[in-house]
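One structure below.
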Amino acid sequence: MNGGKLTDNDVAGPPVLHMSCLTTGDDDAQISRYCAYHLAIGVQRIYVFIDGPAPCPGIGGNPDIEVVNCDAAFWDRVDLIDLNDLTAKQSATRALASQIAQDRGATFYAHIDEDELLLFEDDLTQFLERIPTATRAIQLPCREAVARLSECHLRPFLATFFKVPLGRHLSRFRGLIFGAPQHLLRRGFFGHTIGKTIFRLPVRYENWSMHGPLGPIPDDFDICRKDSYLLHFDSSHFPTFEAKWERRIDGVTKVPSMAPQRKAQQDLHAEAGRHSLWKLYRKIYILAGWRIALLRLLGAVMVTRKHLDILERKI
């Protein structure tokens, strides 16, 4: 550590991106594929904070992956008060990882959840090199994976159809378009519609989240407007969907600042009960082929398998 002294990490040579994620370690296949993918596209180091007893054997022994076991002593060291508060845990690990990345000479940092992948138009290094020096943070737009019956029980990250946030006019018909209760969706998404942000180190915002700086939008913040995205596989893989919502239903994980559509989903899942999650998932989250065709006609879906091509080469 450098005692809090802020110095730019812009040095000669290609830019370096470090990433972090917080996981319970329940799904070794998902976190293994997440790490393999991001290292393959050029991320230089990943800090994996494991908040649970699972050891994640699939990522052991890789020198570019740093595993931090988050036991009670760890949370005490970072002054966490509520051990079930997911938002506070993400904030604490994000602050720690960004500082470690800065101390190790990384140029950029991002916190990307384990059910998300970064997708770049071309090469990660070229993307980072094109970011103007005056830009301290750049946000990648979010695209949410479509759940399909043929894929949802197979490996994580198999989706190739991704929803684009609906505009104001189409959003009024989101329930009709997706065949789900309207209050469960925000602009057609079950999860967050805002993307994730890559920060230039050191992070100079007093208040910031994984999505970007908080408060008024600063002049040195930008949103990527080319073909680079955050792919969010929120509900496209049923085993990870089931594990996530069971923890929330049981109160093991709490998200105090949950968005309205997320709170509505949690209430619905809790009412149905953990043994009825599959029935509910199939009814609400799976999209039939004709609905996907409708989304394509409306220009509300993106199709890509670039992430799959990378994963198939590496795993």
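Chain labels A, B, ... are given in the sequence in which chains occur in the structure tokens; within each chain residues are numbered consecutively from 1, and ligands are likewise numbered from 1 in the order shown.
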Please identify all polymer residues within 9 Å of range 229-238 of chain A, counting only C-alpha atoms, omitting same-chain residues fewer than 3 positions from it, and present them as a ChimeraX atom specification. /A:112-113,115-121,139-148,151-159,162,190-192,195-196,224,226,241-243,278,281,285-286
Among range 56-281 of chain A, which residues does DSSP mark as strand (DSSP E or B) when it is run on the backbone? Keep the chain and numbering as in the structure and answer as a PyMOL selection string. chain A and resi 65-69+85+108-111+116-119+137-140+142-145+147+161-163+186+189+196-200+208-209+212-213+221-223+229-232+254
In Å to one decimal, how far is CA of Trp75 in chain A from CA of Ser91 in chain A? 11.8 Å
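Contact shell of range 55-57 of chain A at 7 Å (only C-alpha atoms; same-chain neighbours under 2 positions omitted): Gly25, Asp28, Pro53, Ile59 and Gly60 of chain A.
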Grab the residues selected above and save them as a compact mmCIF listing (two decimals), in the first residue's frame with N, CA, C and O atoms.
# COMPACT_ATOMS: atom_id res chain seq x y z
N GLY A 25 -18.89 -18.98 -4.18
CA GLY A 25 -18.14 -20.18 -4.55
C GLY A 25 -19.01 -21.39 -4.79
O GLY A 25 -18.50 -22.49 -4.98
N ASP A 28 -18.62 -23.66 -9.11
CA ASP A 28 -17.22 -23.65 -9.55
C ASP A 28 -17.12 -23.53 -11.06
O ASP A 28 -16.21 -22.88 -11.58
N PRO A 53 -17.86 -21.30 2.13
CA PRO A 53 -16.93 -22.41 2.40
C PRO A 53 -16.39 -23.09 1.16
O PRO A 53 -15.41 -23.81 1.22
N ILE A 59 -10.18 -22.65 -10.09
CA ILE A 59 -9.33 -21.48 -10.32
C ILE A 59 -8.04 -21.55 -9.51
O ILE A 59 -7.26 -20.60 -9.52
N GLY A 60 -7.82 -22.63 -8.83
CA GLY A 60 -6.60 -22.76 -8.02
C GLY A 60 -5.36 -22.91 -8.87
O GLY A 60 -5.38 -23.52 -9.94
Using backbone DSSP assignments, extract all alpha helix (DSSP H) residues from range 46-206 of chain A; output them as a PyMOL selection string. chain A and resi 72-77+86-103+124-129+168-171+174-178
Same residues, C-alpha atoms, output as a CSV table (one decimal), in the first residue's frame:
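Here's the written file selection.csv:
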chain,number,residue,atom,x,y,z
A,72,ALA,CA,-15.3,-13.6,9.7
A,73,ALA,CA,-11.8,-12.3,10.5
A,74,PHE,CA,-11.5,-10.7,7.0
A,75,TRP,CA,-14.9,-8.9,7.3
A,76,ASP,CA,-13.8,-7.7,10.7
A,77,ARG,CA,-10.7,-6.2,9.2
A,86,LEU,CA,-24.3,-8.0,0.0
A,87,THR,CA,-24.1,-4.4,-1.0
A,88,ALA,CA,-21.7,-3.6,1.9
A,89,LYS,CA,-19.6,-6.6,1.1
A,90,GLN,CA,-19.3,-5.5,-2.6
A,91,SER,CA,-18.4,-2.0,-1.5
A,92,ALA,CA,-15.7,-3.2,0.9
A,93,THR,CA,-14.1,-5.7,-1.6
A,94,ARG,CA,-14.3,-3.2,-4.4
A,95,ALA,CA,-12.4,-0.5,-2.4
A,96,LEU,CA,-9.8,-3.1,-1.3
A,97,ALA,CA,-9.3,-4.5,-4.8
A,98,SER,CA,-9.0,-1.1,-6.5
A,99,GLN,CA,-6.3,0.0,-4.0
A,100,ILE,CA,-4.3,-3.3,-4.5
A,101,ALA,CA,-4.6,-2.9,-8.3
A,102,GLN,CA,-3.3,0.7,-8.0
A,103,ASP,CA,-0.4,-0.3,-5.8
A,124,LEU,CA,-9.2,-5.1,-24.9
A,125,THR,CA,-5.8,-3.3,-25.1
A,126,GLN,CA,-6.9,-1.3,-28.1
A,127,PHE,CA,-10.2,-0.4,-26.3
A,128,LEU,CA,-8.2,0.9,-23.3
A,129,GLU,CA,-5.7,2.8,-25.4
A,168,ARG,CA,-39.8,4.8,-23.4
A,169,HIS,CA,-42.5,4.0,-25.9
A,170,LEU,CA,-41.9,0.2,-26.1
A,171,SER,CA,-41.3,0.0,-22.3
A,174,ARG,CA,-42.9,-4.7,-21.8
A,175,GLY,CA,-45.3,-7.1,-20.1
A,176,LEU,CA,-47.0,-7.9,-23.4
A,177,ILE,CA,-43.7,-8.2,-25.2
A,178,PHE,CA,-42.0,-10.5,-22.6
Nearby residues (only C-alpha atoms) at most 6 Å from Asn84 in chain A, same-chain spacing under 3 positions excluded, as a PyMOL selection string: chain A and resi 252-254
d(CA of Leu295 in chain A, CA of Val164 in chain A) in Å: 9.0 Å
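The space separating CA of Pro216 in chain A from CA of Phe108 in chain A comes to 22.0 Å.
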All residues 9 Å or closer to range 220-222 of chain A, only C-alpha atoms, same chain fewer than 4 positions away omitted, as a PyMOL selection string: chain A and resi 134-139+212-213
